[in-house]
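Participant: Sending over final.txt (compact mmCIF, C-alpha atoms and all ligand atoms).
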# COMPACT_ATOMS: atom_id res chain seq x y z
CA MET K 28 -4.75 1.96 29.77
CA ARG K 29 -4.81 0.02 26.50
CA ILE K 30 -8.47 -0.31 25.58
CA VAL K 31 -10.10 -2.20 22.72
CA ILE K 32 -13.58 -0.91 21.92
CA LYS K 33 -15.81 -2.97 19.67
CA ILE K 34 -18.78 -1.25 18.12
CA GLY K 35 -21.51 -3.48 16.76
CA THR K 36 -23.63 -2.81 13.69
CA SER K 37 -26.70 -2.29 15.89
CA THR K 38 -24.93 0.65 17.53
CA LEU K 39 -23.74 2.28 14.30
CA ALA K 40 -26.72 1.86 12.06
CA HIS K 41 -30.43 2.48 12.27
CA SER K 42 -32.61 -0.54 11.53
CA THR K 43 -32.70 0.72 7.91
CA GLY K 44 -28.97 -0.01 7.67
CA ARG K 45 -28.30 3.72 7.30
CA LEU K 46 -25.74 5.38 9.54
CA ASN K 47 -26.85 6.58 12.98
CA ILE K 48 -25.12 9.93 12.66
CA ARG K 49 -25.82 11.27 16.14
CA ARG K 50 -24.55 8.04 17.73
CA ILE K 51 -21.34 7.80 15.75
CA GLU K 52 -20.57 11.48 16.29
CA GLN K 53 -20.91 11.10 20.05
CA LEU K 54 -18.85 7.91 20.10
CA CYS K 55 -16.00 9.45 18.14
CA LYS K 56 -16.04 12.49 20.44
CA VAL K 57 -15.80 10.40 23.62
CA MET K 58 -13.15 8.06 22.17
CA SER K 59 -11.11 11.09 21.07
CA ASP K 60 -11.33 12.53 24.55
CA LEU K 61 -10.30 9.23 26.16
CA LYS K 62 -7.34 9.16 23.81
CA ASN K 63 -6.49 12.77 24.71
CA SER K 64 -6.49 11.80 28.37
CA GLY K 65 -3.71 9.30 27.68
CA HIS K 66 -5.46 6.01 26.96
CA GLU K 67 -4.57 3.91 23.94
CA ILE K 68 -7.71 3.20 21.94
CA ILE K 69 -8.08 0.42 19.39
CA LEU K 70 -11.40 0.36 17.63
CA VAL K 71 -12.93 -2.79 16.19
CA SER K 72 -15.84 -1.65 14.08
CA SER K 73 -18.54 -3.73 12.51
CA GLY K 74 -21.06 -2.21 10.18
CA ALA K 75 -19.48 -2.76 6.76
CA ILE K 76 -22.12 -5.19 5.59
CA GLY K 77 -24.97 -3.45 7.41
CA MET K 78 -24.02 -0.06 6.00
CA GLY K 79 -23.53 -1.48 2.50
CA VAL K 80 -27.00 -2.99 2.71
CA GLY K 81 -28.38 0.46 3.48
CA LYS K 82 -26.37 2.28 0.84
CA LEU K 83 -27.13 -0.21 -1.93
CA GLY K 84 -30.80 -0.30 -0.92
CA LEU K 85 -30.80 -4.10 -0.59
CA GLY K 86 -33.65 -4.06 1.91
CA GLY K 87 -32.08 -6.62 4.27
CA ARG K 88 -28.93 -8.61 4.95
CA PRO K 89 -28.33 -10.78 1.84
CA GLU K 90 -27.86 -14.53 2.12
CA ASP K 91 -25.42 -15.17 -0.71
CA ILE K 92 -21.72 -14.60 -0.23
CA ALA K 93 -21.11 -12.41 -3.29
CA SER K 94 -23.83 -9.93 -2.27
CA LYS K 95 -22.57 -9.84 1.32
CA GLN K 96 -19.06 -9.17 0.09
CA ALA K 97 -20.24 -6.49 -2.33
CA ALA K 98 -22.18 -4.87 0.52
CA ALA K 99 -19.06 -4.98 2.70
CA ALA K 100 -16.97 -3.37 -0.05
CA VAL K 101 -19.39 -0.43 -0.22
CA GLY K 102 -20.05 -0.19 3.51
CA GLN K 103 -16.41 -0.39 4.62
CA CYS K 104 -15.65 2.70 2.51
CA GLU K 105 -18.45 4.64 4.07
CA LEU K 106 -17.43 3.55 7.56
CA MET K 107 -13.83 4.66 7.15
CA TYR K 108 -14.86 7.89 5.43
CA VAL K 109 -17.02 8.75 8.43
CA TYR K 110 -14.44 7.72 11.05
CA ASP K 111 -11.68 9.61 9.25
CA LYS K 112 -13.82 12.73 9.08
CA LEU K 113 -15.10 12.61 12.67
CA PHE K 114 -11.80 11.72 14.35
CA ALA K 115 -10.04 14.39 12.27
CA GLU K 116 -12.36 16.97 13.87
CA TYR K 117 -10.62 16.15 17.15
CA ASN K 118 -7.19 15.97 15.54
CA HIS K 119 -6.82 12.21 15.57
CA THR K 120 -5.47 10.15 12.70
CA VAL K 121 -7.03 6.79 11.92
CA GLY K 122 -5.58 3.74 10.19
CA GLN K 123 -7.57 0.86 8.72
CA LEU K 124 -6.66 -2.80 9.29
CA LEU K 125 -8.71 -5.48 7.56
CA ILE K 126 -7.90 -9.07 8.43
CA THR K 127 -9.23 -12.59 7.99
CA GLY K 128 -8.82 -15.85 9.89
CA ILE K 129 -5.67 -16.61 7.90
CA ASP K 130 -3.99 -13.54 9.34
CA ILE K 131 -4.68 -14.86 12.82
CA GLU K 132 -3.66 -18.47 12.15
CA ASN K 133 -0.59 -17.86 10.03
CA GLU K 134 2.23 -16.84 12.32
CA ARG K 135 3.94 -14.56 9.80
CA HIS K 136 0.69 -12.77 8.89
CA ARG K 137 -0.18 -12.38 12.56
CA LYS K 138 3.22 -10.95 13.40
CA ASN K 139 2.93 -8.47 10.53
CA PHE K 140 -0.52 -7.44 11.65
CA GLU K 141 0.65 -6.97 15.24
CA ASN K 142 3.70 -4.99 14.10
CA THR K 143 1.49 -2.64 12.12
CA LEU K 144 -0.88 -2.27 15.05
CA TYR K 145 1.93 -1.50 17.50
CA LYS K 146 3.50 0.95 15.05
CA LEU K 147 0.20 2.78 14.62
CA LEU K 148 -0.11 3.06 18.41
CA GLU K 149 3.47 4.26 18.69
CA LEU K 150 2.74 6.91 16.05
CA GLY K 151 -0.28 8.04 18.05
CA ALA K 152 -2.77 6.90 15.42
CA LEU K 153 -6.06 5.23 16.17
CA PRO K 154 -6.26 1.76 14.58
CA ILE K 155 -9.68 0.75 13.25
CA ILE K 156 -10.05 -2.96 12.59
CA ASN K 157 -12.65 -5.08 10.85
CA GLU K 158 -12.73 -8.47 9.25
CA ASN K 159 -11.88 -8.29 5.55
CA ASP K 160 -15.36 -9.38 4.56
CA THR K 161 -14.75 -8.87 0.85
CA VAL K 162 -12.37 -11.83 0.73
CA SER K 163 -13.21 -13.96 3.74
CA THR K 164 -15.28 -17.07 3.10
CA ASP K 165 -16.51 -19.77 5.47
CA GLU K 166 -13.20 -21.60 5.53
CA ILE K 167 -11.12 -18.62 6.59
CA GLU K 168 -13.51 -16.29 8.31
CA ILE K 169 -13.31 -15.30 11.95
CA GLY K 170 -17.03 -14.73 11.58
CA ASP K 171 -17.88 -12.07 14.13
CA ASN K 172 -16.23 -9.07 15.66
CA ASP K 173 -16.83 -10.11 19.27
CA THR K 174 -14.37 -12.92 18.63
CA LEU K 175 -12.07 -10.75 16.53
CA SER K 176 -11.88 -8.05 19.20
CA ALA K 177 -11.20 -10.64 21.90
CA ILE K 178 -8.37 -12.18 19.87
CA ILE K 179 -6.86 -8.73 19.38
CA ALA K 180 -7.32 -7.62 22.99
CA SER K 181 -5.61 -10.74 24.30
CA SER K 182 -2.76 -10.72 21.80
CA ILE K 183 -1.78 -7.09 22.45
CA ASN K 184 -2.25 -7.34 26.22
CA ALA K 185 -5.10 -4.85 26.42
CA GLU K 186 -6.39 -4.13 29.91
CA LEU K 187 -9.98 -3.59 28.89
CA LEU K 188 -12.28 -4.78 26.12
CA VAL K 189 -15.60 -2.98 25.74
CA LEU K 190 -18.29 -4.54 23.55
CA LEU K 191 -20.89 -1.97 22.59
CA SER K 192 -24.14 -3.30 21.20
CA ASP K 193 -27.89 -2.82 21.52
CA ILE K 194 -28.25 -4.57 24.87
CA ASN K 195 -27.49 -3.14 28.32
CA GLY K 196 -25.56 -6.19 29.47
CA LEU K 197 -25.99 -9.85 30.33
CA TYR K 198 -29.34 -10.71 31.90
CA ASN K 199 -30.32 -13.69 34.03
CA LYS K 200 -33.14 -14.36 31.49
CA ASN K 201 -33.81 -13.11 27.98
CA PRO K 202 -35.05 -9.53 28.64
CA LYS K 203 -36.92 -9.43 25.32
CA THR K 204 -39.22 -12.25 26.43
CA HIS K 205 -39.03 -11.89 30.25
CA PRO K 206 -39.91 -8.43 31.61
CA ASP K 207 -38.66 -9.48 35.07
CA ALA K 208 -35.17 -10.27 33.78
CA GLU K 209 -32.38 -8.74 35.83
CA MET K 210 -29.02 -7.58 34.58
CA ILE K 211 -25.91 -9.18 36.03
CA GLU K 212 -23.46 -6.41 36.94
CA VAL K 213 -20.34 -8.43 37.61
CA VAL K 214 -19.20 -11.86 36.46
CA ARG K 215 -16.16 -13.15 38.34
CA LYS K 216 -16.18 -16.64 36.88
CA ILE K 217 -17.66 -17.88 33.62
CA THR K 218 -19.54 -20.91 34.90
CA PRO K 219 -21.74 -23.23 32.77
CA ASP K 220 -24.73 -21.29 34.17
CA ILE K 221 -23.36 -18.09 32.64
CA VAL K 222 -22.68 -19.81 29.30
CA ALA K 223 -26.27 -21.09 29.33
CA LEU K 224 -27.53 -17.48 29.31
CA SER K 225 -26.44 -16.99 25.66
CA ASP K 226 -29.21 -16.54 23.14
CA GLY K 227 -29.85 -15.56 19.51
CA LYS K 228 -28.35 -13.11 17.03
CA GLY K 229 -29.07 -9.52 16.01
CA VAL K 230 -30.71 -8.57 12.75
CA LEU K 231 -28.02 -6.74 10.76
CA GLY K 232 -24.88 -7.81 12.61
CA THR K 233 -23.52 -11.25 13.32
CA GLY K 234 -22.73 -11.43 17.02
CA GLY K 235 -25.06 -12.36 19.88
CA MET K 236 -24.66 -13.17 23.56
CA ALA K 237 -22.93 -16.49 22.80
CA THR K 238 -20.04 -14.84 20.94
CA LYS K 239 -19.79 -12.22 23.71
CA ILE K 240 -19.45 -14.82 26.44
CA LYS K 241 -16.86 -16.70 24.40
CA ALA K 242 -15.01 -13.41 23.98
CA ALA K 243 -15.13 -12.93 27.76
CA GLU K 244 -13.72 -16.43 28.29
CA LEU K 245 -10.79 -15.63 26.04
CA VAL K 246 -9.86 -12.18 27.33
CA THR K 247 -10.37 -12.75 31.05
CA LYS K 248 -7.83 -15.60 30.81
CA SER K 249 -5.28 -13.19 29.41
CA GLY K 250 -5.61 -10.59 32.14
CA CYS K 251 -8.14 -8.28 30.51
CA ASP K 252 -11.52 -7.17 31.90
CA MET K 253 -14.44 -7.12 29.50
CA VAL K 254 -17.58 -5.00 29.63
CA ILE K 255 -20.77 -5.53 27.66
CA ALA K 256 -22.66 -2.25 27.44
CA ASN K 257 -25.29 -0.45 25.42
CA GLY K 258 -23.74 1.63 22.65
CA ALA K 259 -26.73 3.96 22.75
CA TYR K 260 -25.09 5.87 25.63
CA PRO K 261 -21.62 6.85 24.41
CA LYS K 262 -20.78 8.97 27.48
CA LYS K 263 -20.98 5.85 29.63
CA LEU K 264 -17.63 4.92 28.13
CA TYR K 265 -16.06 7.37 30.61
CA ASP K 266 -17.60 5.47 33.52
CA ILE K 267 -16.60 2.10 32.07
CA VAL K 268 -12.99 3.20 31.77
CA GLU K 269 -13.09 4.48 35.35
CA GLY K 270 -14.33 1.07 36.51
CA LYS K 271 -17.77 2.34 37.52
CA PRO K 272 -20.69 -0.09 37.20
CA VAL K 273 -22.10 0.06 33.67
CA GLY K 274 -23.49 -2.96 31.85
CA THR K 275 -21.92 -6.30 32.72
CA ARG K 276 -18.26 -6.47 33.69
CA PHE K 277 -16.39 -9.74 33.38
CA ILE K 278 -13.44 -9.61 35.74
CA LYS K 279 -10.09 -10.94 34.55
CA GLU K 280 -8.89 -14.20 36.08
CA ASN K 281 -7.12 -13.64 39.40
CA GLY K 282 -8.27 -10.02 39.17
N1 LIG K 301 -17.44 -7.74 9.73
C1 LIG K 301 -18.85 -7.53 9.75
C2 LIG K 301 -19.21 -6.17 9.18
O1 LIG K 301 -18.44 -5.26 9.25
C3 LIG K 301 -19.42 -7.56 11.13
C4 LIG K 301 -19.22 -8.77 11.93
C5 LIG K 301 -20.06 -8.67 13.20
O2 LIG K 301 -21.18 -8.11 13.13
O3 LIG K 301 -19.62 -9.13 14.24
O4 LIG K 301 -20.29 -5.98 8.71
Rewrite the structure of this file - the entire thing - as structure tokens.
Facilitator:
Amino acid sequence: MRIVIKIGTSTLAHSTGRLNIRRIEQLCKVMSDLKNSGHEIILVSSGAIGMGVGKLGLGGRPEDIASKQAAAAVGQCELMYVYDKLFAEYNHTVGQLLITGIDIENERHRKNFENTLYKLLELGALPIINENDTVSTDEIEIGDNDTLSAIIASSINAELLVLLSDINGLYNKNPKTHPDAEMIEVVRKITPDIVALSDGKGVLGTGGMATKIKAAELVTKSGCDMVIANGAYPKKLYDIVEGKPVGTRFIKENG
């Protein structure tokens, strides 16, 4: 199976912005094992800005563009250093792809990006993708990695997109304010009622439920299932890949 896994900042970093070492180690181990079992894994990793915030001791996500971009420049290095090191422990080679909205909109850029991605897969490498935050500005930014991972999953005909974040799945009410909220295990059709369940954003990252539901709309149309799950339980990735009920699964159209 061709699987795109998106890891959100809330999964990779502690609330301090510093790396959650135990978490990332477990995730890399499970993804390596899934790859060993024959799956193609494409990782979309957030965390550049969040990690840069931690490393530069900025005390919180900055508002101004230059500081955000400086944080991303520092954090992206740390991210790739850690991924390279951890995947190498399991004998996997990683490759970094940083793109902006222009690379999606411009046909030639997009083709080049896809060619590189396919070549990396053919060579058995594990592509790790993020938005190129150091150069992207409002006009050209994709803006969040839920959207970026959905664009990638649909353009390379992935069969599964997994969005790992700090929530267990999609709830029928906001679980932070409603203790009786219940998680929805399967969504077969993205109705206006489902869209209405979107709420606010995380603290260090950019995505929220709204971007996740939009991502689901995009990928399910192109024949790809999408699962929202809690990144705090890396071993659950095995169950997700086997189609077992974890988090919320959006079923592909006509699936
Ligand atoms: N590209 C951003 C980063 O690496 C993350 C975007 C997102 O959180 O969706 O920090």
Participant: For atom CA of K:Leu106 and atom CA of K:Asp193, quote the distance in Å rounded to one decimal.
Facilitator: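 Atom CA of K:Asp193 lies at a distance of 18.6 Å from atom CA of K:Leu106.
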Participant: Would you list the residues that come within 9 Å of ligand LIG 301 (chain K)? Count all atoms listed in the file and give the answer as a PDB file with C-alpha atoms, in the coordinates of the input.
Facilitator:
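File part_23.pdb, as written:
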ATOM      1  CA  ILE K  34     -18.780  -1.250  18.120  1.00  0.00           C
ATOM      2  CA  GLY K  35     -21.510  -3.480  16.760  1.00  0.00           C
ATOM      3  CA  THR K  36     -23.630  -2.810  13.690  1.00  0.00           C
ATOM      4  CA  SER K  37     -26.700  -2.290  15.890  1.00  0.00           C
ATOM      5  CA  SER K  72     -15.840  -1.650  14.080  1.00  0.00           C
ATOM      6  CA  SER K  73     -18.540  -3.730  12.510  1.00  0.00           C
ATOM      7  CA  GLY K  74     -21.060  -2.210  10.180  1.00  0.00           C
ATOM      8  CA  ALA K  75     -19.480  -2.760   6.760  1.00  0.00           C
ATOM      9  CA  ILE K  76     -22.120  -5.190   5.590  1.00  0.00           C
ATOM     10  CA  GLY K  77     -24.970  -3.450   7.410  1.00  0.00           C
ATOM     11  CA  MET K  78     -24.020  -0.060   6.000  1.00  0.00           C
ATOM     12  CA  GLY K  79     -23.530  -1.480   2.500  1.00  0.00           C
ATOM     13  CA  LYS K  95     -22.570  -9.840   1.320  1.00  0.00           C
ATOM     14  CA  ALA K  98     -22.180  -4.870   0.520  1.00  0.00           C
ATOM     15  CA  ALA K  99     -19.060  -4.980   2.700  1.00  0.00           C
ATOM     16  CA  GLY K 102     -20.050  -0.190   3.510  1.00  0.00           C
ATOM     17  CA  GLN K 103     -16.410  -0.390   4.620  1.00  0.00           C
ATOM     18  CA  ASN K 157     -12.650  -5.080  10.850  1.00  0.00           C
ATOM     19  CA  GLU K 158     -12.730  -8.470   9.250  1.00  0.00           C
ATOM     20  CA  ASN K 159     -11.880  -8.290   5.550  1.00  0.00           C
ATOM     21  CA  ASP K 160     -15.360  -9.380   4.560  1.00  0.00           C
ATOM     22  CA  ILE K 169     -13.310 -15.300  11.950  1.00  0.00           C
ATOM     23  CA  GLY K 170     -17.030 -14.730  11.580  1.00  0.00           C
ATOM     24  CA  ASP K 171     -17.880 -12.070  14.130  1.00  0.00           C
ATOM     25  CA  ASN K 172     -16.230  -9.070  15.660  1.00  0.00           C
ATOM     26  CA  ASP K 173     -16.830 -10.110  19.270  1.00  0.00           C
ATOM     27  CA  THR K 174     -14.370 -12.920  18.630  1.00  0.00           C
ATOM     28  CA  LEU K 175     -12.070 -10.750  16.530  1.00  0.00           C
ATOM     29  CA  GLY K 229     -29.070  -9.520  16.010  1.00  0.00           C
ATOM     30  CA  LEU K 231     -28.020  -6.740  10.760  1.00  0.00           C
ATOM     31  CA  GLY K 232     -24.880  -7.810  12.610  1.00  0.00           C
ATOM     32  CA  THR K 233     -23.520 -11.250  13.320  1.00  0.00           C
ATOM     33  CA  GLY K 234     -22.730 -11.430  17.020  1.00  0.00           C
ATOM     34  CA  GLY K 235     -25.060 -12.360  19.880  1.00  0.00           C
ATOM     35  CA  THR K 238     -20.040 -14.840  20.940  1.00  0.00           C
TER      36      THR K 238
END
Participant: For K:Asn195, list every protein, DNA or RNA residue within 6 Å, evaluated using only C-alpha atoms, and leave out those in the same chain fewer than 6 positions away; present the list as number ranges by chain.
Facilitator: K: 256-257, 274
Participant: Which value, in Å to one decimal, gives the distance between atom CA of K:Met58 and atom CA of K:Lys146?
Facilitator: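 About the pair atom CA of K:Met58 and atom CA of K:Lys146: they are 19.5 Å apart.
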Participant: How many Å lie between atom CA of K:Leu245 and atom CA of K:Ile178, rounded to one decimal?
Facilitator: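 Spanning atom CA of K:Leu245 to atom CA of K:Ile178 is a straight-line distance of 7.5 Å.
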Participant: Using only C-alpha atoms, which of the listed residues (K:Asn63, K:Ser182, K:Ser163, K:Ser176) sits closest to K:Gln96?
Facilitator: K:Ser163
Participant: Nearest to K:Ile69: which of K:Ala100, K:Met28, K:Ile156, K:Ile48 is it, counting only C-alpha atoms?
Facilitator: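 Using only C-alpha atoms, K:Ile69 sits closest to K:Ile156.
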Participant: From the options K:Asn184, K:Asn201, K:Gln123, K:Asn47, which residue's atoms come nearest to K:Leu70, counting only C-alpha atoms?
Facilitator: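 Answer, going by the shortest atom-to-atom distance: K:Gln123.
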Participant: Using the file's own x, y and z axes, so that the box edges lie along x, y and z, what centre and edge lengths in Å (one decimal) does a box around every listed atom of stretch 165-174 of chain K get when 4 Å is added on each side? Give it as lines of an AutoDock Vina configuration file.
Facilitator:
center_x = -14.5
center_y = -15.3
center_z = 12.4
size_x = 14.8
size_y = 20.5
size_z = 21.8
Participant: So, with all atoms listed in the file as the atoms that count, which of K:Ala115, K:Ala152, K:Ile92, K:Val189 lies closest to K:Gly258?
Facilitator: K:Val189
Participant: I'd like the neighbourhood of K:Val246 as a list of chain:residue names, where a residue qualifies if any of its atoms comes within 9 Å (using all atoms listed in the file), though same-chain residues fewer than 5 positions away should be ignored.
Facilitator: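 What passes the distance filter is K:Ala177, K:Ile178, K:Ala180, K:Ser181, K:Ala185, K:Leu187, K:Leu188, K:Lys241, K:Cys251, K:Asp252, K:Met253, K:Lys279.
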